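S.K.: I am attaching a structure below and will ask some questions about it afterwards.
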Amino acid sequence: MRNYTRLVRICLGYGRGTFLAALICSLACNAAEWQSGANGTFSNGANWGGTVPAADEALVFSGPSGAWTSIENDTALTYGSAAFGAGHFLFTGPLNVSGGITIDSPDNPVVVKESGDWAVGTTIQIGLAANSTAVFTNKSGNVSFVNINLGQAAGAKGVFVHESGHLAGGTTANNIGGRYNTTLANAEGVLEINGGTATFNRALLLGESANSIGRYFQRTSGDVKVNDWCRFGRGAGSYNEVVIVGGTFSIDNSSHNPQTFLAQGANSKCVMTVANGAKFTSTYYVYCGYETSADTTLFVTNNGSFTARRMWLTSYNNGSPKKVKGRLELRDGGELNVSENLYVGNGMESSDTTIIDGGALNVGYLSIGNNGDSVVVMEKGAITAREVSTGERNVGSADITVNGGKISISGMLEPGRGASKFCVINLNGGEIETGNVTKFGYDGVVCANMRMNLNGGVFKTTGLVHNKGANNATINFNGGTLKIHGDRTGSKPDGTNVVGRTCFIHHNVPGDAGRVVFKMLGGGGTIDVSGNSYHVFIPVSSGVAEGSDGGLAIASDPAGGTLTMTNSLSYTGPTTVKTGATLALADSGAEVSNALVLEAGATNVVATTLTFKPGSSLSMEFSSVKGDPAITAAAGVTTDERIPVTYTADTTLRGSMTKTLIGGGSIHGLGAGFRLAQATECGVNTTSRLELRVEDGNLVIGKKRGTCVCIR
């Protein structure tokens with residue numbers, strides 16, 4: 001037996017299992033030992049103690065600890081196995097083994113493959129000795145193997161760096177940081193791919209052991225494909241880091257659907273970053289934070305993209321409390337693409353936060369607060385979805401804040417889809433647009449607290465539907481705009497018109513106590529009817545109970561739109577009918593208890609009977625360019641006391657114009673004062689003709705202290 005004493009001495013430097021394996025191999029496999037401190041080629045027998053190793057022998061490489069040894073292989077023989085122990089090694093040329101390759105020693109070995117192809121019949125194991133670090137770097141050439149195991153003992157660290165060539169995995173799983181169903185505290189595996197290509201035919205597993213560490217880095221480039229599952233954080237209490245900032249990483253298999261897990265084990269944590277134009281693609285499902293108290297953070301930034309078929313940000317929901325945490329951030333052009341469903345806030349007693357700040361989320365169906373608590377904050381960027389629901393299941397909540405950017409929903413927005421705790425949408429800027437209705441509640445299970453706060457920006461939808469239940473859906477105007485579009489012009493409350501189109505606000509069960517409720521808060525708001533006639537039949541109530549209320553503006557872009565409201569304007573702020581718009585007050589006894597302002601180009605205000613309450617006022621702006629504002633009230637306009645009526649002109653009147661103040665009614669009480677602004681002679685430009693007309697009624701003008709009214 002050759003050099004047995006030296007072999008035993010070398011093996012004593014390994015972990016216990018490695019020593020036994022090396023000893024057995026030395027006895028049964030006729031192991032060949034590279035001489036410590038030697039440099040040179042395989043064909044130099046002196047480097048092997050006098051005899052060049054033959055086919056099927058086990059190779060054992062050792063060198064002075066911390067010193068570099070150069071090895072040049074000029075043979076193509078297939079050996080039984082290879083073990084690199086103490087020392088640093090520069091390896092040139094091919095290496096073929098029918099068994100495995102082990103890189104391990106308490107003296108922290110380093111192996112750099114500078115060229116040549118390695119064919120490994122079984123496993124590449126790096127880092128088996130407790131509390132040691134072993135590193136392998138492939139600078140050039142290909143490496144084929146059955147699987148890779150990195151960091152396989154408590155405190156051990158195994159590092160595999162691939163810089164060029166191709167890696168080809170085999171038929172069993174690749175463990176990066178411990179082994180499944182073991183407790184190897186602080187066992188760490190690091191797989192780094194900085195160029196070339198790699199194919200893993202079986203699962204890529206990070207943080208397999210309890211309390212282990214798994215790291216995957218793709219820092220510059222590389223094209224990586226995994227044909228099986230990826231589990232990044234399978235072990236309980238494991239910490240896992242995935243950084244893909246160059247090249248591509250794809251998970252696909254035509255024969256089955258491989259799943260991806262981020263922070264799978266209980267109390268595990270996974271932080272994943274995709275950036276700098278890199279692409280991560282999974283053709284199947286991605287689960288983030290699967291078991292109890294798992295924690296996932298996903299950053300997609302700087303034009304990176306993350307693509308999946310279906311995704312759960314926090315915990316696949318199996319009906320039991322999970323207390324999982326998740327965080328998603330899309331910034332600076334980062335994209336998350338989910339072709340089917342994306343669930344955020346998914347597990348019971350789970351919570352997550354989604355930040356979109358210059359990124360884009362493209363999804364089929366987006367569920368927010370599905371049994372968990374979800375916070376979504378959008379600063380800028382875009383969300384594009386087929387359908388969006390909030391508070392879908394019973395114990396979740398959804399808190400959505402939009403400060404900028406745009407949410408585009410081709411189908412329905414469904415706030416409060418289940419009996420969740422609360423569902424709030426704060427629109428502070430930007431835009432939310434739906435291609436179908438916004439439907440509050442789902443069947444008989446309705447969120448108790450459904451609110452949309454229009455603090456700014458534009459909310460554009462084809463209709464508002466209260467599906468069912470006793471809970472109100474409240475829309476608070478506080479500076480934002482509700483823009484109505486689409487073909488929902490039904491003329492009956494809670495019903496349809498003759499061609500079957502439902503009205504803009506529709507209650508599926510008119511007898512239910514729950515309604516769509518509008519409140520006017522201090523910042524006021526705008527309803528834009530988009531050039532169409534909408535019978536919305538809405539009471540707009542005062543927001544004084546919430547602090548203060550403001551005014552409502554009726555706009556139409558393009559011009560020609562009509563908004564029909566119920567018969568009371570009960571908020572205290574002004575009602576302004578803007579250019580091109582008509583305000584219709586339905587039913588009898590319509591009341592104005594605040595300022596009613598018709599801007600230049602406003603079409604008119606229509607009511608059966610219009611009553612101005614004490615403290616109200618009327619302002620109409622004339623323009624030779626923008627049209628003829630008017631009030632039409634078939635049964636008359638009445639007041640309880642003096643109404644301040646102000647006429648202003650924003651341009652000099654030119655030519656002959658007729659202004660109809662009241663059609664078919666009269667102003668009663670103490671009369672009204674009239675003022676023509678920007679006038680030149682007794683209130684009227686001498687080159688113009690202005691006529692104030694009362695049809696079938698009386699116009700009473702009280703003169704006091706020299707009031708002058710000129711009609712020419």
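Ligands are numbered from 1 in the order shown, residues from 1 within each chain, and chains are lettered A, B, ... in the order they appear in the structure tokens.
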Let's see if you can do this: from backbone DSSP, list all strand (DSSP E) residues in segment 416-632 of chain A, as a PyMOL selection string.
M.R.: chain A and resi 422-427+431-434+438-440+450-454+458-461+464-466+473-484+505-507+516-528+533-535+540-542+552-555+561-565+568-569+575-577+581-585+590-592+595-598+604-607+610-612+617-622+631-632
S.K.: Excluding segment 363-379 of chain A and its own-chain neighbours fewer than 3 positions away, which residues fall within 8 Å of it when counting only C-alpha atoms? Please give them as an MDAnalysis selection string.
M.R.: chainID A and resid 317 336:358 383:405 420
S.K.: Compile the contact shell of Asn471 of chain A as number ranges by chain: residues with an atom at most 9 Å away, counting only C-alpha atoms, same-chain residues fewer than 4 positions apart removed.
M.R.: A: 441, 446-450, 512-515
S.K.: Keeping N, CA and C atoms, export the residues of the selection given above as an mmCIF file, in the first residue's frame.
M.R.:
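Ended up saving to out.cif:
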data_model
loop_
_atom_site.group_PDB
_atom_site.id
_atom_site.type_symbol
_atom_site.label_atom_id
_atom_site.label_comp_id
_atom_site.auth_asym_id
_atom_site.auth_seq_id
_atom_site.Cartn_x
_atom_site.Cartn_y
_atom_site.Cartn_z
ATOM 1 N N GLY A 441 -68.590 44.895 -2.678
ATOM 2 C CA GLY A 441 -69.182 43.717 -2.056
ATOM 3 C C GLY A 441 -69.366 42.582 -3.034
ATOM 4 N N VAL A 446 -70.031 41.053 2.622
ATOM 5 C CA VAL A 446 -69.590 42.391 2.252
ATOM 6 C C VAL A 446 -68.746 42.973 3.374
ATOM 7 N N CYS A 447 -67.661 43.645 3.004
ATOM 8 C CA CYS A 447 -66.799 44.320 3.972
ATOM 9 C C CYS A 447 -67.586 45.390 4.724
ATOM 10 N N ALA A 448 -67.353 45.455 6.026
ATOM 11 C CA ALA A 448 -68.092 46.410 6.855
ATOM 12 C C ALA A 448 -67.615 47.842 6.656
ATOM 13 N N ASN A 449 -66.423 48.028 6.131
ATOM 14 C CA ASN A 449 -65.857 49.366 5.996
ATOM 15 C C ASN A 449 -65.220 49.501 4.623
ATOM 16 N N MET A 450 -66.015 49.936 3.654
ATOM 17 C CA MET A 450 -65.536 50.131 2.286
ATOM 18 C C MET A 450 -65.506 51.629 1.995
ATOM 19 N N ASP A 512 -81.990 46.204 0.065
ATOM 20 C CA ASP A 512 -80.921 46.124 1.060
ATOM 21 C C ASP A 512 -80.633 47.499 1.647
ATOM 22 N N ALA A 513 -80.170 47.496 2.886
ATOM 23 C CA ALA A 513 -79.872 48.760 3.561
ATOM 24 C C ALA A 513 -78.605 49.411 3.021
ATOM 25 N N GLY A 514 -77.680 48.638 2.526
ATOM 26 C CA GLY A 514 -76.425 49.179 2.051
ATOM 27 C C GLY A 514 -76.583 49.957 0.762
ATOM 28 N N ARG A 515 -75.899 51.090 0.670
ATOM 29 C CA ARG A 515 -75.992 51.940 -0.509
ATOM 30 C C ARG A 515 -74.603 52.429 -0.905
#
S.K.: In Å to one decimal, how far is atom CA of Ile425 of chain A from atom CA of Lys439 of chain A?
M.R.: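 For atom CA of Lys439 of chain A relative to atom CA of Ile425 of chain A, the distance reads 13.6 Å.
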S.K.: Name the residues in contact with segment 459-470 of chain A at a cut-off of 6 Å, using only C-alpha atoms, excluding same-chain residues fewer than 2 positions from it; report them as a list in words.
M.R.: Glu431, Ile432, Glu433, Thr434, Asn436, Val437, Thr438, Lys439, Phe440, Gly441, Asp443, Gly444, Leu482, Lys483, Ile484, His485, Gly486, Phe504, Ile505, His506, His507, Asn508, Asp512, Ala513 and Gly514 of chain A
S.K.: Extract, using only C-alpha atoms, all DNA, RNA and protein residues at most 10 Å from Ser144 of chain A, discarding same-chain residues fewer than 5 positions from it, and format them as an mmCIF file with N, CA and C atoms, in the first residue's frame.
M.R.:
data_model
loop_
_atom_site.group_PDB
_atom_site.id
_atom_site.type_symbol
_atom_site.label_atom_id
_atom_site.label_comp_id
_atom_site.auth_asym_id
_atom_site.auth_seq_id
_atom_site.Cartn_x
_atom_site.Cartn_y
_atom_site.Cartn_z
ATOM 1 N N ASN A 96 -11.764 13.921 -15.298
ATOM 2 C CA ASN A 96 -12.919 13.036 -15.428
ATOM 3 C C ASN A 96 -12.918 12.055 -14.266
ATOM 4 N N ASP A 117 -12.238 20.811 -19.268
ATOM 5 C CA ASP A 117 -13.587 20.387 -18.916
ATOM 6 C C ASP A 117 -13.524 19.334 -17.815
ATOM 7 N N TRP A 118 -14.440 19.478 -16.841
ATOM 8 C CA TRP A 118 -14.542 18.482 -15.780
ATOM 9 C C TRP A 118 -15.856 17.719 -15.962
ATOM 10 N N ALA A 119 -15.759 16.372 -15.900
ATOM 11 C CA ALA A 119 -16.939 15.513 -15.938
ATOM 12 C C ALA A 119 -16.983 14.735 -14.631
ATOM 13 N N VAL A 120 -18.012 15.010 -13.822
ATOM 14 C CA VAL A 120 -18.121 14.427 -12.484
ATOM 15 C C VAL A 120 -19.295 13.461 -12.486
ATOM 16 N N GLY A 121 -19.011 12.166 -12.180
ATOM 17 C CA GLY A 121 -20.049 11.143 -12.274
ATOM 18 C C GLY A 121 -21.110 11.243 -11.215
ATOM 19 N N THR A 122 -20.797 11.800 -10.044
ATOM 20 C CA THR A 122 -21.811 11.913 -8.983
ATOM 21 C C THR A 122 -21.855 13.356 -8.467
ATOM 22 N N THR A 123 -21.338 13.587 -7.275
ATOM 23 C CA THR A 123 -21.578 14.846 -6.572
ATOM 24 C C THR A 123 -20.315 15.683 -6.454
ATOM 25 N N ILE A 124 -20.486 17.009 -6.588
ATOM 26 C CA ILE A 124 -19.445 17.957 -6.200
ATOM 27 C C ILE A 124 -19.803 18.469 -4.814
ATOM 28 N N HIS A 166 -19.898 26.177 -19.446
ATOM 29 C CA HIS A 166 -21.252 25.697 -19.185
ATOM 30 C C HIS A 166 -21.260 24.736 -18.007
ATOM 31 N N LEU A 167 -22.244 24.926 -17.106
ATOM 32 C CA LEU A 167 -22.505 23.979 -16.025
ATOM 33 C C LEU A 167 -23.695 23.131 -16.431
ATOM 34 N N ALA A 168 -23.573 21.814 -16.257
ATOM 35 C CA ALA A 168 -24.674 20.910 -16.607
ATOM 36 C C ALA A 168 -24.969 20.018 -15.421
ATOM 37 N N GLY A 169 -26.142 20.249 -14.768
ATOM 38 C CA GLY A 169 -26.554 19.461 -13.619
ATOM 39 C C GLY A 169 -27.105 18.121 -14.022
ATOM 40 N N GLY A 170 -27.288 17.234 -13.034
ATOM 41 C CA GLY A 170 -27.672 15.860 -13.342
ATOM 42 C C GLY A 170 -29.056 15.487 -12.885
ATOM 43 N N ALA A 198 -25.638 27.873 -17.523
ATOM 44 C CA ALA A 198 -25.807 26.789 -16.561
ATOM 45 C C ALA A 198 -27.179 26.164 -16.748
ATOM 46 N N THR A 199 -27.219 24.837 -16.637
ATOM 47 C CA THR A 199 -28.478 24.093 -16.678
ATOM 48 C C THR A 199 -28.523 23.137 -15.497
ATOM 49 N N PHE A 200 -29.552 23.285 -14.662
ATOM 50 C CA PHE A 200 -29.761 22.379 -13.540
ATOM 51 C C PHE A 200 -30.993 21.539 -13.847
#
S.K.: When you draw a straight line from atom CA of Glu599 of chain A to atom CA of Gly580 of chain A, how long is it in Å?
M.R.: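 If I compute the distance from atom CA of Glu599 of chain A to atom CA of Gly580 of chain A, I get 9.2 Å.
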S.K.: Find the residue from A:Leu521, A:Ala130, A:Val516, A:Leu90 that sits nearest to Lys113 of chain A; use only C-alpha atoms when measuring.
M.R.: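 Using only C-alpha atoms, Lys113 of chain A sits closest to A:Leu90.
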S.K.: Per DSSP on the backbone, what are the helix (DSSP H, G or I) residues of segment 9-202 of chain A, as a list in words?
M.R.: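 Those residues are Arg9, Ile10, Cys11, Arg16, Gly17, Thr18, Phe19, Leu20, Ala21, Ala22, Leu23, Ile24, Cys25, Ser26, Leu27, Ala28, Gly45, Ala46, Asn47 and Trp48 of chain A.
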S.K.: Keeping only N, CA and C atoms, write the selected residues to a file as a PDB file, in the first residue's frame.
M.R.:
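File produced: out.pdb:
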ATOM      1  N   ARG A   9      -2.477  10.698   7.596  1.00  0.00           N
ATOM      2  CA  ARG A   9      -2.210  12.006   8.173  1.00  0.00           C
ATOM      3  C   ARG A   9      -3.004  13.100   7.473  1.00  0.00           C
ATOM      4  N   ILE A  10      -3.117  13.009   6.143  1.00  0.00           N
ATOM      5  CA  ILE A  10      -3.897  13.995   5.394  1.00  0.00           C
ATOM      6  C   ILE A  10      -5.370  13.875   5.736  1.00  0.00           C
ATOM      7  N   CYS A  11      -5.872  12.640   5.784  1.00  0.00           N
ATOM      8  CA  CYS A  11      -7.297  12.464   6.046  1.00  0.00           C
ATOM      9  C   CYS A  11      -7.691  12.935   7.425  1.00  0.00           C
ATOM     10  N   ARG A  16     -14.865  14.070  10.041  1.00  0.00           N
ATOM     11  CA  ARG A  16     -14.883  12.650  10.378  1.00  0.00           C
ATOM     12  C   ARG A  16     -15.384  11.798   9.228  1.00  0.00           C
ATOM     13  N   GLY A  17     -16.514  12.247   8.603  1.00  0.00           N
ATOM     14  CA  GLY A  17     -17.071  11.477   7.493  1.00  0.00           C
ATOM     15  C   GLY A  17     -16.131  11.444   6.313  1.00  0.00           C
ATOM     16  N   THR A  18     -15.470  12.555   6.042  1.00  0.00           N
ATOM     17  CA  THR A  18     -14.539  12.605   4.919  1.00  0.00           C
ATOM     18  C   THR A  18     -13.345  11.697   5.158  1.00  0.00           C
ATOM     19  N   PHE A  19     -12.867  11.671   6.401  1.00  0.00           N
ATOM     20  CA  PHE A  19     -11.745  10.801   6.727  1.00  0.00           C
ATOM     21  C   PHE A  19     -12.095   9.339   6.483  1.00  0.00           C
ATOM     22  N   LEU A  20     -13.261   8.921   6.947  1.00  0.00           N
ATOM     23  CA  LEU A  20     -13.657   7.528   6.746  1.00  0.00           C
ATOM     24  C   LEU A  20     -13.782   7.200   5.273  1.00  0.00           C
ATOM     25  N   ALA A  21     -14.382   8.145   4.504  1.00  0.00           N
ATOM     26  CA  ALA A  21     -14.528   7.906   3.072  1.00  0.00           C
ATOM     27  C   ALA A  21     -13.169   7.806   2.394  1.00  0.00           C
ATOM     28  N   ALA A  22     -12.248   8.688   2.772  1.00  0.00           N
ATOM     29  CA  ALA A  22     -10.919   8.660   2.159  1.00  0.00           C
ATOM     30  C   ALA A  22     -10.163   7.396   2.543  1.00  0.00           C
ATOM     31  N   LEU A  23     -10.332   6.963   3.799  1.00  0.00           N
ATOM     32  CA  LEU A  23      -9.650   5.751   4.253  1.00  0.00           C
ATOM     33  C   LEU A  23     -10.162   4.530   3.509  1.00  0.00           C
ATOM     34  N   ILE A  24     -11.502   4.431   3.380  1.00  0.00           N
ATOM     35  CA  ILE A  24     -12.075   3.312   2.640  1.00  0.00           C
ATOM     36  C   ILE A  24     -11.601   3.335   1.203  1.00  0.00           C
ATOM     37  N   CYS A  25     -11.586   4.557   0.621  1.00  0.00           N
ATOM     38  CA  CYS A  25     -11.163   4.676  -0.770  1.00  0.00           C
ATOM     39  C   CYS A  25      -9.692   4.288  -0.932  1.00  0.00           C
ATOM     40  N   SER A  26      -8.862   4.612   0.066  1.00  0.00           N
ATOM     41  CA  SER A  26      -7.447   4.280  -0.046  1.00  0.00           C
ATOM     42  C   SER A  26      -7.219   2.782  -0.007  1.00  0.00           C
ATOM     43  N   LEU A  27      -8.065   2.095   0.724  1.00  0.00           N
ATOM     44  CA  LEU A  27      -7.911   0.658   0.833  1.00  0.00           C
ATOM     45  C   LEU A  27      -8.528  -0.070  -0.355  1.00  0.00           C
ATOM     46  N   ALA A  28      -9.707   0.406  -0.816  1.00  0.00           N
ATOM     47  CA  ALA A  28     -10.457  -0.328  -1.834  1.00  0.00           C
ATOM     48  C   ALA A  28     -10.236   0.193  -3.231  1.00  0.00           C
ATOM     49  N   GLY A  45       5.626  11.315 -12.604  1.00  0.00           N
ATOM     50  CA  GLY A  45       5.411  10.364 -11.523  1.00  0.00           C
ATOM     51  C   GLY A  45       5.896  10.851 -10.183  1.00  0.00           C
ATOM     52  N   ALA A  46       6.919  11.736 -10.201  1.00  0.00           N
ATOM     53  CA  ALA A  46       7.434  12.227  -8.922  1.00  0.00           C
ATOM     54  C   ALA A  46       6.374  12.981  -8.133  1.00  0.00           C
ATOM     55  N   ASN A  47       5.446  13.617  -8.855  1.00  0.00           N
ATOM     56  CA  ASN A  47       4.382  14.353  -8.162  1.00  0.00           C
ATOM     57  C   ASN A  47       3.422  13.423  -7.431  1.00  0.00           C
ATOM     58  N   TRP A  48       3.476  12.152  -7.749  1.00  0.00           N
ATOM     59  CA  TRP A  48       2.589  11.166  -7.133  1.00  0.00           C
ATOM     60  C   TRP A  48       3.374  10.150  -6.291  1.00  0.00           C
TER      61      TRP A  48
END
S.K.: If you count only C-alpha atoms, which residues fall within 6 Å of segment 292-308 of chain A, apart from same-chain ones fewer than 5 positions away, as a JSON list (two decimals) with N, CA and C atoms, in the first residue's frame?
M.R.:
[["chain", "number", "residue", "atom", "x", "y", "z"],
["A", 263, "ALA", "N", -38.54, 31.78, 0.92],
["A", 263, "ALA", "CA", -38.82, 31.65, 2.35],
["A", 263, "ALA", "C", -39.92, 30.62, 2.58],
["A", 266, "ALA", "N", -40.65, 27.47, 8.11],
["A", 266, "ALA", "CA", -41.11, 28.28, 9.23],
["A", 266, "ALA", "C", -39.98, 29.17, 9.73],
["A", 267, "ASN", "N", -40.28, 30.46, 9.95],
["A", 267, "ASN", "CA", -39.31, 31.45, 10.44],
["A", 267, "ASN", "C", -38.14, 31.67, 9.49],
["A", 268, "SER", "N", -38.26, 31.21, 8.26],
["A", 268, "SER", "CA", -37.19, 31.45, 7.30],
["A", 268, "SER", "C", -37.31, 32.85, 6.72],
["A", 269, "LYS", "N", -36.23, 33.29, 6.07],
["A", 269, "LYS", "CA", -36.23, 34.62, 5.47],
["A", 269, "LYS", "C", -35.52, 34.54, 4.12],
["A", 270, "CYS", "N", -36.11, 35.24, 3.13],
["A", 270, "CYS", "CA", -35.50, 35.30, 1.81],
["A", 270, "CYS", "C", -35.57, 36.74, 1.30],
["A", 271, "VAL", "N", -34.43, 37.26, 0.87],
["A", 271, "VAL", "CA", -34.35, 38.59, 0.25],
["A", 271, "VAL", "C", -33.88, 38.38, -1.18],
["A", 272, "MET", "N", -34.70, 38.79, -2.14],
["A", 272, "MET", "CA", -34.37, 38.58, -3.55],
["A", 272, "MET", "C", -34.36, 39.91, -4.29],
["A", 273, "THR", "N", -33.34, 40.11, -5.11],
["A", 273, "THR", "CA", -33.20, 41.33, -5.91],
["A", 273, "THR", "C", -33.01, 40.95, -7.37],
["A", 274, "VAL", "N", -33.82, 41.56, -8.25],
["A", 274, "VAL", "CA", -33.65, 41.42, -9.69],
["A", 274, "VAL", "C", -33.50, 42.84, -10.24],
["A", 275, "ALA", "N", -32.36, 43.14, -10.87],
["A", 275, "ALA", "CA", -32.09, 44.53, -11.25],
["A", 275, "ALA", "C", -31.18, 44.59, -12.47],
["A", 276, "ASN", "N", -30.96, 45.84, -12.92],
["A", 276, "ASN", "CA", -30.00, 46.14, -14.00],
["A", 276, "ASN", "C", -30.33, 45.40, -15.29],
["A", 277, "GLY", "N", -31.61, 45.30, -15.62],
["A", 277, "GLY", "CA", -32.02, 44.67, -16.86],
["A", 277, "GLY", "C", -32.04, 43.16, -16.82],
["A", 278, "ALA", "N", -31.73, 42.54, -15.69],
["A", 278, "ALA", "CA", -31.76, 41.08, -15.57],
["A", 278, "ALA", "C", -33.21, 40.59, -15.61],
["A", 279, "LYS", "N", -33.38, 39.31, -15.99],
["A", 279, "LYS", "CA", -34.71, 38.74, -16.13],
["A", 279, "LYS", "C", -34.81, 37.42, -15.35],
["A", 280, "PHE", "N", -35.80, 37.36, -14.47],
["A", 280, "PHE", "CA", -36.15, 36.13, -13.77],
["A", 280, "PHE", "C", -37.50, 35.66, -14.30],
["A", 281, "THR", "N", -37.57, 34.40, -14.74],
["A", 281, "THR", "CA", -38.80, 33.89, -15.35],
["A", 281, "THR", "C", -39.15, 32.53, -14.78],
["A", 282, "SER", "N", -40.37, 32.40, -14.28],
["A", 282, "SER", "CA", -40.91, 31.11, -13.86],
["A", 282, "SER", "C", -42.19, 30.86, -14.66],
["A", 283, "THR", "N", -42.27, 29.71, -15.30],
["A", 283, "THR", "CA", -43.46, 29.41, -16.10],
["A", 283, "THR", "C", -44.60, 28.88, -15.26],
["A", 322, "LYS", "N", -50.92, 32.00, 9.64],
["A", 322, "LYS", "CA", -49.54, 31.85, 9.20],
["A", 322, "LYS", "C", -48.61, 32.92, 9.76],
["A", 323, "LYS", "N", -49.12, 34.14, 9.95],
["A", 323, "LYS", "CA", -48.31, 35.25, 10.45],
["A", 323, "LYS", "C", -47.07, 35.48, 9.59],
["A", 324, "VAL", "N", -47.27, 35.37, 8.30],
["A", 324, "VAL", "CA", -46.18, 35.54, 7.35],
["A", 324, "VAL", "C", -46.03, 37.02, 6.99],
["A", 325, "LYS", "N", -44.81, 37.44, 6.70],
["A", 325, "LYS", "CA", -44.55, 38.81, 6.29],
["A", 325, "LYS", "C", -43.98, 38.82, 4.88],
["A", 326, "GLY", "N", -44.35, 39.86, 4.13],
["A", 326, "GLY", "CA", -43.84, 39.99, 2.77],
["A", 326, "GLY", "C", -43.68, 41.45, 2.39],
["A", 327, "ARG", "N", -42.78, 41.69, 1.47],
["A", 327, "ARG", "CA", -42.58, 43.05, 0.97],
["A", 327, "ARG", "C", -42.18, 42.97, -0.50],
["A", 328, "LEU", "N", -42.86, 43.75, -1.33],
["A", 328, "LEU", "CA", -42.57, 43.82, -2.75],
["A", 328, "LEU", "C", -42.28, 45.28, -3.11],
["A", 329, "GLU", "N", -41.15, 45.54, -3.77],
["A", 329, "GLU", "CA", -40.82, 46.88, -4.20],
["A", 329, "GLU", "C", -40.47, 46.86, -5.69],
["A", 330, "LEU", "N", -41.18, 47.69, -6.46],
["A", 330, "LEU", "CA", -40.91, 47.86, -7.89],
["A", 330, "LEU", "C", -40.48, 49.31, -8.09],
["A", 331, "ARG", "N", -39.24, 49.51, -8.50],
["A", 331, "ARG", "CA", -38.70, 50.86, -8.61],
["A", 331, "ARG", "C", -37.90, 51.00, -9.91],
["A", 332, "ASP", "N", -37.86, 52.24, -10.41],
["A", 332, "ASP", "CA", -36.95, 52.62, -11.50],
["A", 332, "ASP", "C", -37.03, 51.67, -12.68],
["A", 333, "GLY", "N", -38.23, 51.43, -13.16],
["A", 333, "GLY", "CA", -38.41, 50.61, -14.35],
["A", 333, "GLY", "C", -38.48, 49.12, -14.09],
["A", 334, "GLY", "N", -38.43, 48.69, -12.84],
["A", 334, "GLY", "CA", -38.57, 47.27, -12.53],
["A", 334, "GLY", "C", -39.98, 46.79, -12.83],
["A", 335, "GLU", "N", -40.11, 45.55, -13.36],
["A", 335, "GLU", "CA", -41.41, 45.02, -13.75],
["A", 335, "GLU", "C", -41.68, 43.68, -13.07],
["A", 336, "LEU", "N", -42.91, 43.53, -12.59],
["A", 336, "LEU", "CA", -43.41, 42.24, -12.14],
["A", 336, "LEU", "C", -44.54, 41.85, -13.08],
["A", 337, "ASN", "N", -44.39, 40.72, -13.76],
["A", 337, "ASN", "CA", -45.37, 40.25, -14.73],
["A", 337, "ASN", "C", -45.94, 38.92, -14.26],
["A", 338, "VAL", "N", -47.23, 38.91, -13.98],
["A", 338, "VAL", "CA", -47.92, 37.68, -13.54],
["A", 338, "VAL", "C", -49.09, 37.47, -14.48]]
